[in-house]
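Comments concern the structure below.
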Amino acid sequence: MEQNTTVTLEEWVALSALLEGMQLQDASRRDDDNDDANNGHNNNRNNNGNRNNSSVPAAHGTKLEAKLAYAERACKVALLLLHRLMANTTDDRDHHHDAGGSQSNNGAAPRVAQDHLSVGNISVKFSHSNNNQGAETTTVDFQAAMGRALRCINAFKSNNNSGNNGSSVNIRSIVGEAELKCILEDSVMDVVSTVDIAVLTGDIFYKLGIILYQLFARGESLQQALQNKSNPSTGAMEKEERSDASPRKQAHLSNITITESLSEKGVPESLCRIVADLINPNEHDGTPFESLSEIVEELKQILERPDVFFYDVNWLDFSSGLIGRSEEMQRIHQVAASVQLDAGEFVNQLVLLNGFPGSGKSYLASNVQGELAESGWLYVHTKFDRFVQNPLLTIASSFDELLTSLGDDDEENMAILNDLEAELSASAIVTLSEWLPSLHELFPHILRRVISNEDLSSLATENNERRNRRNDITSNSESAKGRLHYIFRKLVSAISSPDRPLLIFLDDLQWADESCLDLISSLLMDFNHIDQFGLANDNPQCFLVMGSYRANEVDSAHKLSSYLETFERSNTLQVTNIQLDDGIAKPDTNLMISEMLGLPLRLTKSLNDAVHAKTLGNPLYIHAFMQSLVQDKLLVNSVAKKRWVWDIDAIKSVSIQGSIVEVLTRKISYLPHDTQDALKVMSTFGSQISEEYIQHLYPLQEKQREFLHRLDSAVEENVIEKIGHKYKFVHDMIQQAVYELMSPQERGQCHFNNGVQMISQLSTCTCEDSHSNLGLIAFAAIDQINIATSFGITDTSMHNKFATLNLKAGERSMSRFNFISALSYFVHGLSFLPKESRWSSSNYDLSRSLHEAACLACYINALPAKANEYISELLDNGQCLEHKLMAYNVMVKNLVSSGDNKQAVQKGLVILTELGETFRCSAGTCGVACFPADFSREVIQQELSNTKALLNNVTKDSILSSPKLTDEKKIWAMRFMNNMSGVLTIQKPQMLPLIACRMVQRSSEYGYCSESAFGIYGYGRAQISVFEDVDEGYRWGKISLSLLESLEGGKIYLPKMRCLFYSYVSFWKEPFQASSNILLQTHTEAMMVGDVEYASISAFFYCRQCLVCGQNLQLAEKECKAIMSKMVQMKQIQMCYGQVNTYLFVLKMNGNYGTVNPFPEIFGDKITNEEELLQFALESGKQINSKGILSNRCQIAFWLGRYEEAAELSEKAKPLPKMSFMEVYHIFCDGLTAFQLARVSSASNASKWMALGEEATARFRFYEQCSKWNWENNLFLLEAECHRCNLEEDKAKAKYESSIKSAQDHRFVHEEGLALEFYGDFLLSIRKTEEAKERYASARVCYEKWGAHAIISRVEEKIGRTAPTTS
């Protein structure tokens, strides 16, 4: 219930002063020594007028706080009074001072009677509701409290009138502080007036000033103040003269200014100035107000920024909030809101800020972050730097800072860490810990367990093991990068959620390299929060990426430009472009200068006009120019006037020449020389330097303290800032200005000295020390050396050491999948080895290592021509075959990447021959001579028989107890054979069994390795495809899976093996439903280890097997689209050929074909339809793709009832891979098609079709023996159709019903519908119409569950035929 009370303004002042008095008493009891702070002044100023580290004194709980709280309450009442006055006047613009200080009416008829305007006839109305009460005042009875407070005031007045000064009144016994706060701070107030409306006369500004003086002075009038301040020695005549004078004249006569009078009472200078300029605008260099609204705006400004205007600002305060960018802020907040609203959708959000240097891009982002943080957003800030050679580390470091902040035992932080552990596998956390050292502290239980395992032994740095790691990356380069991207996406997904969104700010994108931009692209355009490819997760990721770049530095040729174009075209990314003008508008710069100087807008207008003209409104330029004015003493803080003053004519005459960098350079030149020297050293590291870097630069404590002292003095000058343990330039333009103070020679020497000093301190460390910042320091040290060489500064006596350090830095980058930075290090390393002696005996090993690493990095970075240069060097200078194998390996990879599969196989076979592995064909010649001649079936069968005999007594345990493969040549041979399996599948599949057998034989002879498991798997698969020995093939497939879990280094290959086993082998023994679920898990596992190729294969077979299981086609369409998008993003175009067939099948079955076109997303405008895709496959010799298209068309024609078309397509698709997934379902459709055609063909043709149908039935009897679950219902349906053709009605009926029941039991709803439909056809043919109608109706239900709308219409037509006809 609302309660209203009205008091006079005098009573309000008394109430507010009473509350202030209580708070002052409390403050005095806490600390009587705080009186010195009560004047509100702060002299934290250095010689240049910049703000020092110690800012405005903390006022909480002090006397100052009490006085400022009164001032704030009084300001609010003053605003209410002004609004009331403005509402009662006809034209606010008419209220201004004339030259003599009186008001000019200009013929207007204002409605306020100024003669009646006084404190006595102004009232304050309180409206109080229980809903307004705060937590501390919920038990306060407002009306009772108000009554007690007024009684207290009256008692206090009564005592004062009797000469007791109120000392006998125990205030707190009458009313409490909480009650007064309830009245004054928790109520809604309004100001009312009891005056009559009359014609305005006199000066309303003057009268208003008198009222505000009394309001701010706690009830004391100006006349009382002047009387109290009168000189006691003044004669009686002079006293009488003053008493007759007006307050304005008395102020002049007593020589006591209004400002000083108020200031003595603790009133902030800004409020003193308002009162003085109202009463006497010429007093104290006053500036007259022009309107009531101008006073209102000034009071509002003071209330909005009390931290600025309630204190005497005697420094240039650069802490103002964001000014002049409200529209841009609003747009970003709208995007942020949509991120939370649309979490879980297939669209991420990117905001791009672009503008010239100094336009405020970073400051805008910082303010966005501050506001979003209040809503629970997390924040990651990555600032790229032109001096950092390894910018991917910059991204990692920023995420590491966020994770470090999660170490506290906060409930929300613990929830984030739990989500992180649930999202990431142990191996993924180990991988991330290479980038994010904080994970060692956050997950010690995981890292302690995993790091002790044998499968991390490859982290050793001996040469052989180093090359082993290189080969692992070579064999799966895109996978390595994909794994890093996937893990970072999982990290973002785990950290972010709708309840705790994440803002990632990427500052200065123009300095990010391709590795960073690739990672950013992956974060933005790939999705991990989608479960089963189409269903949103219960805890979707929720993040916003905001990037900034310098528009003047990014043209069409810049590497960032192509990424920006990709972002704009992406279907999974919404881009919001915000271009910041170089300067902000003049009113906004006035606000900036106003808050910078702590002066109201009306006082800074003339200065702003001059500054804006000089700087064109560029915020950074304004800051630099204002500081230069202070340094040149054109802008001075006057102690006497308690404000900043300036010489406007001198400022207008200042000449600004050159760029902003030159202006900043002049500013820095004012600093002491030793401070400049320290800043120069800091500038060579980019925008920031950590204290740990400084410790390595200056190991002696005395030198270190001296350097830090100089940096601290630069902090005082607002040139740099200290955040935590880092010193940062306040803007990278300042860093650039400092750096350019040095000549090129000086810069190079400074870089070199830094590098050498840091390297000397790292003599006991290596780049592999990644569990602390030592790894980062090692990178920084070698970066300094490399930069110095670009200036021609080096030391030839240290070149071998520099080359070695670059090799280590590159290898560490490779192990972290940062291939672009790695290549840069290898190239720098080689530059330290003179070409003429690069392959000398003293440099041979180092040169070989650098060349091997460089050719590998070139291959991974898609630089085949450059890779071939390093390959040629290795092949020309390698001393033996073993020293050339890395080059050969990359050469073959290059050929495969370029699409030259034939040449890749030929070259691979040549290398295998050199490694002692030849393959004989039916002619008995070597593998090289026989290629591309076919290997006979007899040769293949003989090899498989020999291998089977070799494995007769072999078990998993016997393999694990066998010796490990150590012969380097044989290790390389195993790798080459395993790596060639993929290209052989496409180019020469008949060689696959021979390769598998050879791998098993070499493992048995020389020892086992992780590749041995793939040889065993290949042998098992060949047993199925060649001998149709499903039991033998399945057994060895299971053994190969189990082996990888136990073999050293094998776990990383488990997803690949699971993909192969559950795509090609398991369905012969296990239910499709089980295999499809495992394939979905395998997709995730493959992405986790970065194997994008087998992640795509897993996704393809998952999708295909789901169709076999009768998955709803609407969901299947959604999944197919998501899978295809992922394949395109991961550049897995080969798998897209197969996936597009699945997608087309789904679209044609669910009736959406024609409304959805999947081709443009994959092929652009090169291939626009299925026919063009088939022609491309035929012309390019991709037989497996062309057969897949034809087989898919055949199955579509069958399901749509176009049997003659299906039969024709079936012939074109043959022969299909034996015992393959594709072959099984092709035979099923062939068999049913043959029986359909047999019933409608002539006798001669019918026998041909019957023979084909019976052949298919026989094959399915074999399949059914392998897996009753998967094939039983198909066999029963084939047998039913065969009986129907043979007119065996009872047998046909029994088989139809068995097929239907089997499909129901095994959850194949689509094949249940097919059996019901064919059963209905059979019943209708024998004139059992009603039974046929029932089966058709049941078939329609099944097809509806499947979502096959293209088939439902056909069944409905058949139901129509069963309706009785009318005569």
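Chain identifiers are assigned as A, B, and so on, following the order in which chains appear in the structure tokens; residues are numbered from 1 within each chain, and ligands are numbered from 1 in order of appearance.
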
As a count of residues only, please: the residues near Gln1001 in chain A (cut-off 8 Å, only C-alpha atoms, same-chain neighbours under 4 positions excluded). 4

For Lys801 in chain A, list every protein, DNA or RNA residue within 10 Å, evaluated using only C-alpha atoms, and leave out those in the same chain fewer than 6 positions away; present the list as a list in words. Ile759, Leu807, Gly829 and Phe832 of chain A

Once you have the residues from the selection above, write them out as a PDB file, in the first residue's frame, restricted to all heavy atoms.
ATOM      1  N   ILE A 759      68.601 -16.453 -24.026  1.00  0.00           N
ATOM      2  CA  ILE A 759      69.108 -17.792 -24.333  1.00  0.00           C
ATOM      3  C   ILE A 759      70.131 -18.226 -23.295  1.00  0.00           C
ATOM      4  O   ILE A 759      70.157 -19.390 -22.873  1.00  0.00           O
ATOM      5  CB  ILE A 759      69.718 -17.815 -25.753  1.00  0.00           C
ATOM      6  CG1 ILE A 759      68.592 -17.755 -26.796  1.00  0.00           C
ATOM      7  CG2 ILE A 759      70.559 -19.063 -25.971  1.00  0.00           C
ATOM      8  CD1 ILE A 759      69.083 -17.548 -28.204  1.00  0.00           C
ATOM      9  N   LEU A 807      65.277 -25.287 -34.822  1.00  0.00           N
ATOM     10  CA  LEU A 807      64.793 -26.644 -35.050  1.00  0.00           C
ATOM     11  C   LEU A 807      63.920 -27.102 -33.885  1.00  0.00           C
ATOM     12  O   LEU A 807      62.828 -27.649 -34.080  1.00  0.00           O
ATOM     13  CB  LEU A 807      65.974 -27.599 -35.238  1.00  0.00           C
ATOM     14  CG  LEU A 807      65.621 -29.091 -35.369  1.00  0.00           C
ATOM     15  CD1 LEU A 807      64.770 -29.342 -36.604  1.00  0.00           C
ATOM     16  CD2 LEU A 807      66.895 -29.934 -35.411  1.00  0.00           C
ATOM     17  N   GLY A 829      66.006 -21.485 -39.313  1.00  0.00           N
ATOM     18  CA  GLY A 829      67.110 -22.352 -38.922  1.00  0.00           C
ATOM     19  C   GLY A 829      68.057 -22.616 -40.079  1.00  0.00           C
ATOM     20  O   GLY A 829      69.282 -22.554 -39.925  1.00  0.00           O
ATOM     21  N   PHE A 832      70.646 -19.922 -41.070  1.00  0.00           N
ATOM     22  CA  PHE A 832      71.877 -19.790 -40.292  1.00  0.00           C
ATOM     23  C   PHE A 832      72.966 -20.757 -40.764  1.00  0.00           C
ATOM     24  O   PHE A 832      74.089 -20.704 -40.270  1.00  0.00           O
ATOM     25  CB  PHE A 832      71.587 -20.032 -38.796  1.00  0.00           C
ATOM     26  CG  PHE A 832      70.831 -18.908 -38.140  1.00  0.00           C
ATOM     27  CD1 PHE A 832      69.500 -19.071 -37.777  1.00  0.00           C
ATOM     28  CD2 PHE A 832      71.433 -17.686 -37.908  1.00  0.00           C
ATOM     29  CE1 PHE A 832      68.790 -18.048 -37.188  1.00  0.00           C
ATOM     30  CE2 PHE A 832      70.731 -16.646 -37.309  1.00  0.00           C
ATOM     31  CZ  PHE A 832      69.399 -16.830 -36.953  1.00  0.00           C
TER      32      PHE A 832
END

Could you tell me, as a PyMOL selection string, which residues of range 668-777 of chain A DSSP assigns to strand (DSSP E or B) when given the backbone? chain A and resi 688-690+720-723+726-729

Restricted to all heavy atoms, what would the selected residues look like written as an mmCIF file, in the first residue's frame?
data_model
loop_
_atom_site.group_PDB
_atom_site.id
_atom_site.type_symbol
_atom_site.label_atom_id
_atom_site.label_comp_id
_atom_site.auth_asym_id
_atom_site.auth_seq_id
_atom_site.Cartn_x
_atom_site.Cartn_y
_atom_site.Cartn_z
ATOM 1 N N GLN A 688 53.307 -6.002 -25.062
ATOM 2 C CA GLN A 688 53.397 -6.265 -23.633
ATOM 3 C C GLN A 688 54.653 -7.069 -23.309
ATOM 4 O O GLN A 688 55.277 -7.681 -24.180
ATOM 5 C CB GLN A 688 52.165 -7.037 -23.153
ATOM 6 C CG GLN A 688 52.037 -8.430 -23.763
ATOM 7 C CD GLN A 688 50.777 -9.153 -23.344
ATOM 8 O OE1 GLN A 688 49.751 -8.533 -23.103
ATOM 9 N NE2 GLN A 688 50.841 -10.456 -23.238
ATOM 10 N N ILE A 689 55.019 -7.058 -22.029
ATOM 11 C CA ILE A 689 56.148 -7.856 -21.546
ATOM 12 C C ILE A 689 55.804 -8.321 -20.143
ATOM 13 O O ILE A 689 55.221 -7.570 -19.348
ATOM 14 C CB ILE A 689 57.469 -7.044 -21.559
ATOM 15 C CG1 ILE A 689 58.662 -7.947 -21.239
ATOM 16 C CG2 ILE A 689 57.411 -5.863 -20.602
ATOM 17 C CD1 ILE A 689 60.000 -7.260 -21.430
ATOM 18 N N SER A 690 56.121 -9.555 -19.825
ATOM 19 C CA SER A 690 55.813 -10.099 -18.508
ATOM 20 C C SER A 690 57.015 -9.951 -17.589
ATOM 21 O O SER A 690 58.158 -9.817 -18.041
ATOM 22 C CB SER A 690 55.424 -11.575 -18.601
ATOM 23 O OG SER A 690 56.544 -12.359 -18.941
ATOM 24 N N ILE A 720 52.177 3.277 -20.345
ATOM 25 C CA ILE A 720 51.907 1.849 -20.226
ATOM 26 C C ILE A 720 51.047 1.636 -18.988
ATOM 27 O O ILE A 720 50.847 2.557 -18.191
ATOM 28 C CB ILE A 720 53.212 1.013 -20.139
ATOM 29 C CG1 ILE A 720 54.025 1.392 -18.901
ATOM 30 C CG2 ILE A 720 54.040 1.169 -21.394
ATOM 31 C CD1 ILE A 720 55.266 0.554 -18.690
ATOM 32 N N GLU A 721 50.538 0.424 -18.841
ATOM 33 C CA GLU A 721 49.760 0.073 -17.661
ATOM 34 C C GLU A 721 50.216 -1.285 -17.160
ATOM 35 O O GLU A 721 50.740 -2.100 -17.931
ATOM 36 C CB GLU A 721 48.268 0.035 -17.992
ATOM 37 C CG GLU A 721 47.910 -0.909 -19.113
ATOM 38 C CD GLU A 721 46.448 -0.821 -19.522
ATOM 39 O OE1 GLU A 721 45.662 -0.247 -18.743
ATOM 40 O OE2 GLU A 721 46.099 -1.329 -20.602
ATOM 41 N N LYS A 722 50.063 -1.509 -15.880
ATOM 42 C CA LYS A 722 50.437 -2.809 -15.316
ATOM 43 C C LYS A 722 49.177 -3.564 -14.950
ATOM 44 O O LYS A 722 48.338 -3.084 -14.190
ATOM 45 C CB LYS A 722 51.321 -2.638 -14.084
ATOM 46 C CG LYS A 722 51.875 -3.969 -13.584
ATOM 47 C CD LYS A 722 52.835 -3.814 -12.418
ATOM 48 C CE LYS A 722 53.408 -5.180 -12.028
ATOM 49 N NZ LYS A 722 54.271 -5.084 -10.835
ATOM 50 N N ILE A 723 49.055 -4.747 -15.535
ATOM 51 C CA ILE A 723 47.911 -5.613 -15.263
ATOM 52 C C ILE A 723 48.455 -6.947 -14.789
ATOM 53 O O ILE A 723 49.054 -7.698 -15.558
ATOM 54 C CB ILE A 723 47.037 -5.794 -16.515
ATOM 55 C CG1 ILE A 723 46.547 -4.437 -17.021
ATOM 56 C CG2 ILE A 723 45.862 -6.717 -16.220
ATOM 57 C CD1 ILE A 723 45.770 -4.507 -18.313
ATOM 58 N N LYS A 726 52.055 -8.302 -15.836
ATOM 59 C CA LYS A 726 52.450 -7.862 -17.167
ATOM 60 C C LYS A 726 52.375 -6.348 -17.279
ATOM 61 O O LYS A 726 51.507 -5.705 -16.697
ATOM 62 C CB LYS A 726 51.534 -8.493 -18.238
ATOM 63 C CG LYS A 726 51.671 -9.998 -18.366
ATOM 64 C CD LYS A 726 50.723 -10.533 -19.426
ATOM 65 C CE LYS A 726 50.861 -12.049 -19.573
ATOM 66 N NZ LYS A 726 49.919 -12.598 -20.577
ATOM 67 N N TYR A 727 53.305 -5.805 -18.063
ATOM 68 C CA TYR A 727 53.266 -4.399 -18.438
ATOM 69 C C TYR A 727 52.776 -4.325 -19.885
ATOM 70 O O TYR A 727 53.290 -5.040 -20.750
ATOM 71 C CB TYR A 727 54.648 -3.752 -18.324
ATOM 72 C CG TYR A 727 55.135 -3.577 -16.898
ATOM 73 C CD1 TYR A 727 55.865 -4.579 -16.259
ATOM 74 C CD2 TYR A 727 54.867 -2.408 -16.192
ATOM 75 C CE1 TYR A 727 56.313 -4.425 -14.953
ATOM 76 C CE2 TYR A 727 55.325 -2.236 -14.886
ATOM 77 C CZ TYR A 727 56.043 -3.247 -14.273
ATOM 78 O OH TYR A 727 56.484 -3.088 -12.983
ATOM 79 N N LYS A 728 51.785 -3.458 -20.130
ATOM 80 C CA LYS A 728 51.212 -3.354 -21.468
ATOM 81 C C LYS A 728 51.178 -1.889 -21.899
ATOM 82 O O LYS A 728 50.851 -1.008 -21.102
ATOM 83 C CB LYS A 728 49.781 -3.913 -21.490
ATOM 84 C CG LYS A 728 49.678 -5.389 -21.146
ATOM 85 C CD LYS A 728 48.235 -5.870 -21.276
ATOM 86 C CE LYS A 728 48.136 -7.364 -20.992
ATOM 87 N NZ LYS A 728 46.750 -7.872 -21.156
ATOM 88 N N PHE A 729 51.494 -1.646 -23.160
ATOM 89 C CA PHE A 729 51.297 -0.321 -23.717
ATOM 90 C C PHE A 729 49.796 -0.048 -23.747
ATOM 91 O O PHE A 729 49.005 -0.938 -24.099
ATOM 92 C CB PHE A 729 51.874 -0.229 -25.132
ATOM 93 C CG PHE A 729 53.370 -0.146 -25.169
ATOM 94 C CD1 PHE A 729 54.143 -1.268 -25.403
ATOM 95 C CD2 PHE A 729 54.017 1.068 -24.957
ATOM 96 C CE1 PHE A 729 55.527 -1.200 -25.444
ATOM 97 C CE2 PHE A 729 55.398 1.150 -24.989
ATOM 98 C CZ PHE A 729 56.160 0.019 -25.221
#

Using only C-alpha atoms, find each residue in range 1056-1161 of chain A having at least one atom no more than 12 Å away from range 877-901 of chain A; report its shortest atom-to-atom pair and that distance in Å (one decimal), rows by chain then rising number, as CSV.
residue,atom,partner,partner_atom,distance
A:Lys1131,CA,A:Ser897,CA,11.4
A:Gln1132,CA,A:Ser897,CA,11.6
A:Ile1133,CA,A:Ser897,CA,11.8
A:Gln1134,CA,A:Gly899,CA,10.8

Using only C-alpha atoms, which of A:Leu484, A:Val545, A:Ala512, A:Ala788 sits nearest Ser433 in chain A?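 Result for the nearest residue to Ser433 in chain A: A:Leu484.
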